[in-house]
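Asks: Quick one: structure below, then a few questions.
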Amino acid sequence: MEQMALFPEAGQSKGLPKNFLEYFPELIGALQGRQLLKKFIEKTPWKQTIQKLWDKEYLTPRLTCWYGETDRIAGTLPWTPELQAIRDIVEPLAGISFNTVLLNYYRDGNDSVAWHSDKESIMGSQPVIASVSFGEVRSFDIRNKADHSEKYSVRLEHGSFLLMKSGLQENWEHRIAKSNKPMKARINLTFRSVI
Ligand SMILES: O=C(O)CCC(=O)C(=O)O
Ligand SMILES: [Fe+2]
């Protein structure tokens, strides 16, 4: 499948490096999104993993769960009908098929994901990642690896779709920063192709 130019230049998309990133605010309707958010929060067997930094161990500041069909990631659960339905919507927009999805649950403003790029070898060198968000609006920051002052921010709204195109992970890092403002629950789905 060929990747198409998805959305007209509008709103938040303005100024983003569109070769690498495209944003569409209303992939899934608000009401349906609310029901999905509630179901994901209640029915997902969430895990809080441990991450190592400078030889110290920390609890990852969010909850996670993997679904799909791969034996490369331990504990991956079989697709649910909801996740399959969303996958079927994003695949034609991304122009590729996905065999896994990572669910992230940000319980409040203290939950976050630090600067990183998704470049694990199990996704190949130029992964395309489709990201769908529900619940609280959080800022998705990206910065150029070679020049951290080149930086953009997109507010990922309830029911929105963000396409991370091939090449993004190589040259850019992204994060969801912590926030001092009161923040409600947010769920993010990143559909990936694990090889
Ligand atoms: O929550 C998000 O929008 C991003 C999550 C992310 O970057 C990841 O899981 O690799
Ligand atoms: Fe990421």
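Chain labels A, B, ... are given in the sequence in which chains occur in the structure tokens; within each chain residues are numbered consecutively from 1, and ligands are likewise numbered from 1 in the order shown.
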Please extract the residues at most 10 Å from ligand 2, counting only C-alpha atoms and all ligand atoms, and provide them as a list in words, using the chain letters and residue numbers of this document.

Replies: Leu102, Val113, Ala114, Trp115, His116, Ser117, Asp118, Lys119, Ile129, Ser131, Phe140, Met164, Gln169, Glu173, His174, Arg175, Ile176 and Thr190 of chain A

Asks: For the selection just defined, write its residues with C-alpha atoms to a file, as an mmCIF file, in the first residue's frame.

Replies:
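out.cif, freshly written:
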```
data_model
loop_
_atom_site.group_PDB
_atom_site.id
_atom_site.type_symbol
_atom_site.label_atom_id
_atom_site.label_comp_id
_atom_site.auth_asym_id
_atom_site.auth_seq_id
_atom_site.Cartn_x
_atom_site.Cartn_y
_atom_site.Cartn_z
ATOM 1 C CA LEU A 102 1.089 -0.775 22.735
ATOM 2 C CA VAL A 113 7.115 9.275 28.784
ATOM 3 C CA ALA A 114 10.638 10.746 28.632
ATOM 4 C CA TRP A 115 12.442 11.810 25.425
ATOM 5 C CA HIS A 116 13.005 8.768 23.241
ATOM 6 C CA SER A 117 12.659 7.458 19.725
ATOM 7 C CA ASP A 118 11.016 4.138 18.900
ATOM 8 C CA LYS A 119 13.864 2.506 17.092
ATOM 9 C CA ILE A 129 3.735 4.137 13.863
ATOM 10 C CA SER A 131 -0.979 6.732 17.330
ATOM 11 C CA PHE A 140 3.332 15.559 22.319
ATOM 12 C CA MET A 164 4.628 9.007 12.791
ATOM 13 C CA GLN A 169 12.368 7.930 14.664
ATOM 14 C CA GLU A 173 12.849 12.244 19.609
ATOM 15 C CA HIS A 174 9.442 12.609 21.252
ATOM 16 C CA ARG A 175 7.960 12.748 24.728
ATOM 17 C CA ILE A 176 4.843 13.356 26.792
ATOM 18 C CA THR A 190 0.548 3.056 19.189
#
```

Asks: Quick one: everything within 10 Å of A:Gln51, counting only C-alpha atoms, minus sequence neighbours fewer than 5 positions away in the same chain. Send it as JSON, numbers by chain.

Replies: {"A": [56, 57, 58, 59, 60, 61]}

Asks: Given the choices A:Glu91, A:Asp141, A:Glu42, A:Glu22, which gets closest to A:Phe191 if the distance is worked out from only C-alpha atoms?

Replies: A:Glu91

Asks: I'd like to know which residues of stretch 3-157 of chain A are strand (DSSP E) (by DSSP, run on the backbone); could you write them as a PyMOL selection string?

Replies: chain A and resi 21-24+50-53+56-59+63-68+100-106+113-116+129-135+138-144+151-156

Asks: Go ahead and write the residues just picked, C-alpha atoms, as a PDB file, in the first residue's frame.

Replies:
```pdb
ATOM      1  CA  LEU A  21       4.454  13.642  11.163  1.00  0.00           C
ATOM      2  CA  GLU A  22       0.766  14.202  10.397  1.00  0.00           C
ATOM      3  CA  TYR A  23      -2.015  15.046  12.809  1.00  0.00           C
ATOM      4  CA  PHE A  24      -5.765  14.614  12.417  1.00  0.00           C
ATOM      5  CA  ILE A  50      10.628  -1.256  35.877  1.00  0.00           C
ATOM      6  CA  GLN A  51      13.141   0.765  33.905  1.00  0.00           C
ATOM      7  CA  LYS A  52      16.871   1.091  34.526  1.00  0.00           C
ATOM      8  CA  LEU A  53      18.604   4.447  34.380  1.00  0.00           C
ATOM      9  CA  LYS A  56      19.163   2.533  39.275  1.00  0.00           C
ATOM     10  CA  GLU A  57      15.733   0.984  38.928  1.00  0.00           C
ATOM     11  CA  TYR A  58      12.571   3.066  38.631  1.00  0.00           C
ATOM     12  CA  LEU A  59       8.907   2.286  38.157  1.00  0.00           C
ATOM     13  CA  LEU A  63       0.869   1.786  32.876  1.00  0.00           C
ATOM     14  CA  THR A  64       1.281  -0.324  29.742  1.00  0.00           C
ATOM     15  CA  CYS A  65      -0.019  -3.408  27.950  1.00  0.00           C
ATOM     16  CA  TRP A  66       0.856  -5.025  24.577  1.00  0.00           C
ATOM     17  CA  TYR A  67      -1.681  -6.658  22.253  1.00  0.00           C
ATOM     18  CA  GLY A  68      -1.382  -8.300  18.850  1.00  0.00           C
ATOM     19  CA  THR A 100       0.900  -5.122  17.458  1.00  0.00           C
ATOM     20  CA  VAL A 101      -0.355  -2.232  19.542  1.00  0.00           C
ATOM     21  CA  LEU A 102       1.089  -0.775  22.735  1.00  0.00           C
ATOM     22  CA  LEU A 103      -1.427   0.736  25.141  1.00  0.00           C
ATOM     23  CA  ASN A 104      -0.154   3.489  27.448  1.00  0.00           C
ATOM     24  CA  TYR A 105      -2.281   4.688  30.370  1.00  0.00           C
ATOM     25  CA  TYR A 106      -1.367   8.119  31.780  1.00  0.00           C
ATOM     26  CA  VAL A 113       7.115   9.275  28.784  1.00  0.00           C
ATOM     27  CA  ALA A 114      10.638  10.746  28.632  1.00  0.00           C
ATOM     28  CA  TRP A 115      12.442  11.810  25.425  1.00  0.00           C
ATOM     29  CA  HIS A 116      13.005   8.768  23.241  1.00  0.00           C
ATOM     30  CA  ILE A 129       3.735   4.137  13.863  1.00  0.00           C
ATOM     31  CA  ALA A 130       0.050   5.061  14.081  1.00  0.00           C
ATOM     32  CA  SER A 131      -0.979   6.732  17.330  1.00  0.00           C
ATOM     33  CA  VAL A 132      -4.557   7.170  18.598  1.00  0.00           C
ATOM     34  CA  SER A 133      -5.381   9.103  21.784  1.00  0.00           C
ATOM     35  CA  PHE A 134      -8.366   9.131  24.142  1.00  0.00           C
ATOM     36  CA  GLY A 135      -9.176  11.234  27.178  1.00  0.00           C
ATOM     37  CA  ARG A 138      -1.565  16.050  26.485  1.00  0.00           C
ATOM     38  CA  SER A 139       1.254  17.744  24.596  1.00  0.00           C
ATOM     39  CA  PHE A 140       3.332  15.559  22.319  1.00  0.00           C
ATOM     40  CA  ASP A 141       6.726  17.246  21.957  1.00  0.00           C
ATOM     41  CA  ILE A 142       9.225  16.399  19.256  1.00  0.00           C
ATOM     42  CA  ARG A 143      12.792  17.643  18.936  1.00  0.00           C
ATOM     43  CA  ASN A 144      15.481  17.197  16.317  1.00  0.00           C
ATOM     44  CA  LYS A 151      11.219  21.634  18.558  1.00  0.00           C
ATOM     45  CA  TYR A 152       7.468  21.274  17.945  1.00  0.00           C
ATOM     46  CA  SER A 153       4.457  20.454  20.052  1.00  0.00           C
ATOM     47  CA  VAL A 154       1.101  18.943  19.103  1.00  0.00           C
ATOM     48  CA  ARG A 155      -1.814  18.727  21.524  1.00  0.00           C
ATOM     49  CA  LEU A 156      -3.141  15.220  21.114  1.00  0.00           C
TER      50      LEU A 156
END
```

Asks: As an MDAnalysis selection string, please: the residues near A:Pro182 (cut-off 12 Å, only C-alpha atoms, same-chain neighbours under 4 positions excluded).

Replies: chainID A and resid 107:111 136:138 178

Asks: Determine the nearest neighbour of ligand 1 from the options A:Arg62, A:Leu93, A:Glu82, A:Lys165, counting only C-alpha atoms and all ligand atoms.

Replies: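 Using only C-alpha atoms and all ligand atoms, the shortest distance to ligand 1 belongs to A:Arg62.
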
Asks: Would you mind reading off the distance between atom CA of A:Leu36 and atom CA of A:Arg72, one decimal, in Å?

Replies: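 Atom CA of A:Leu36 sits 27.1 Å away from atom CA of A:Arg72.
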
Asks: Could you tell me how far atom CA of A:Phe161 sits from atom CA of A:Ala30, in Å to one decimal place?

Replies: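 Going from atom CA of A:Ala30 over to atom CA of A:Phe161, I get 12.9 Å.
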
Asks: Would you work out the distance separating atom CA of A:Trp172 from atom CA of A:Ala146, expressed in Å to one decimal?

Replies: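 Taking atom CA of A:Trp172 as the start and atom CA of A:Ala146 as the end point, the length is 8.3 Å.
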
Asks: How would you write, as a ChimeraX atom specification, the set of residues in stretch 4-110 of chain A that DSSP gives as alpha helix (DSSP H)?

Replies: /A:30-43,81-94

Asks: Can you write out the residues you just picked, keeping N, CA and C atoms, as a CSV table (one decimal), in the first residue's frame?

Replies:
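Resulting contents of selection_36.csv:
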```csv
chain,number,residue,atom,x,y,z
A,30,ALA,N,-16.4,11.7,19.6
A,30,ALA,CA,-16.2,12.0,21.0
A,30,ALA,C,-16.9,11.0,21.9
A,31,LEU,N,-18.1,10.6,21.6
A,31,LEU,CA,-18.9,9.8,22.4
A,31,LEU,C,-18.4,8.3,22.4
A,32,GLN,N,-18.1,7.9,21.2
A,32,GLN,CA,-17.6,6.5,21.0
A,32,GLN,C,-16.2,6.4,21.7
A,33,GLY,N,-15.4,7.5,21.6
A,33,GLY,CA,-14.1,7.6,22.3
A,33,GLY,C,-14.2,7.5,23.8
A,34,ARG,N,-15.3,8.1,24.4
A,34,ARG,CA,-15.5,8.1,25.8
A,34,ARG,C,-15.7,6.6,26.3
A,35,GLN,N,-16.5,5.9,25.5
A,35,GLN,CA,-16.9,4.5,25.8
A,35,GLN,C,-15.6,3.7,25.7
A,36,LEU,N,-14.8,3.9,24.7
A,36,LEU,CA,-13.6,3.2,24.5
A,36,LEU,C,-12.6,3.5,25.7
A,37,LEU,N,-12.5,4.7,26.0
A,37,LEU,CA,-11.6,5.1,27.1
A,37,LEU,C,-11.9,4.4,28.4
A,38,LYS,N,-13.2,4.4,28.7
A,38,LYS,CA,-13.7,3.7,29.9
A,38,LYS,C,-13.4,2.2,29.9
A,39,LYS,N,-13.6,1.6,28.7
A,39,LYS,CA,-13.4,0.2,28.6
A,39,LYS,C,-11.9,-0.2,28.7
A,40,PHE,N,-11.1,0.6,28.0
A,40,PHE,CA,-9.6,0.3,28.1
A,40,PHE,C,-9.2,0.4,29.5
A,41,ILE,N,-9.6,1.5,30.2
A,41,ILE,CA,-9.1,1.7,31.6
A,41,ILE,C,-9.5,0.5,32.5
A,42,GLU,N,-10.8,0.0,32.3
A,42,GLU,CA,-11.3,-1.0,33.2
A,42,GLU,C,-10.9,-2.4,32.8
A,43,LYS,N,-10.8,-2.7,31.5
A,43,LYS,CA,-10.6,-4.1,31.1
A,43,LYS,C,-9.2,-4.5,30.8
A,81,PRO,N,-11.7,-7.1,20.0
A,81,PRO,CA,-12.5,-6.6,18.9
A,81,PRO,C,-12.3,-5.1,18.8
A,82,GLU,N,-12.2,-4.4,19.9
A,82,GLU,CA,-12.1,-2.9,19.8
A,82,GLU,C,-10.8,-2.5,19.2
A,83,LEU,N,-9.7,-3.2,19.6
A,83,LEU,CA,-8.4,-2.8,19.1
A,83,LEU,C,-8.3,-3.2,17.6
A,84,GLN,N,-8.9,-4.3,17.2
A,84,GLN,CA,-8.9,-4.7,15.8
A,84,GLN,C,-9.7,-3.7,15.0
A,85,ALA,N,-10.8,-3.2,15.5
A,85,ALA,CA,-11.6,-2.2,14.8
A,85,ALA,C,-10.8,-0.9,14.5
A,86,ILE,N,-10.1,-0.5,15.5
A,86,ILE,CA,-9.3,0.8,15.4
A,86,ILE,C,-8.1,0.5,14.4
A,87,ARG,N,-7.5,-0.7,14.6
A,87,ARG,CA,-6.4,-1.0,13.7
A,87,ARG,C,-6.9,-1.0,12.2
A,88,ASP,N,-8.1,-1.5,12.0
A,88,ASP,CA,-8.7,-1.5,10.6
A,88,ASP,C,-8.9,-0.1,10.1
A,89,ILE,N,-9.1,0.9,11.0
A,89,ILE,CA,-9.3,2.3,10.5
A,89,ILE,C,-8.0,2.9,10.2
A,90,VAL,N,-6.9,2.6,11.0
A,90,VAL,CA,-5.7,3.4,10.8
A,90,VAL,C,-4.8,2.8,9.7
A,91,GLU,N,-5.0,1.5,9.5
A,91,GLU,CA,-4.1,0.8,8.5
A,91,GLU,C,-4.1,1.5,7.1
A,92,PRO,N,-5.3,1.8,6.5
A,92,PRO,CA,-5.3,2.4,5.2
A,92,PRO,C,-4.7,3.8,5.3
A,93,LEU,N,-4.8,4.5,6.4
A,93,LEU,CA,-4.3,5.9,6.5
A,93,LEU,C,-2.8,5.8,6.6
A,94,ALA,N,-2.3,4.8,7.3
A,94,ALA,CA,-0.8,4.7,7.4
A,94,ALA,C,-0.2,4.0,6.2
```

Asks: Using only C-alpha atoms, which protein or nucleic acid residues come within 9 Å of A:Glu26? Drop anything in the same chain fewer than 3 positions from it, and give the result as number ranges by chain.

Replies: A: 29-30, 157-161

Asks: Would you please work out which residue, of A:Asp55, A:Glu120, A:Glu150, A:Glu170, is nearest to ligand 1 when using only C-alpha atoms and all ligand atoms?

Replies: A:Glu120
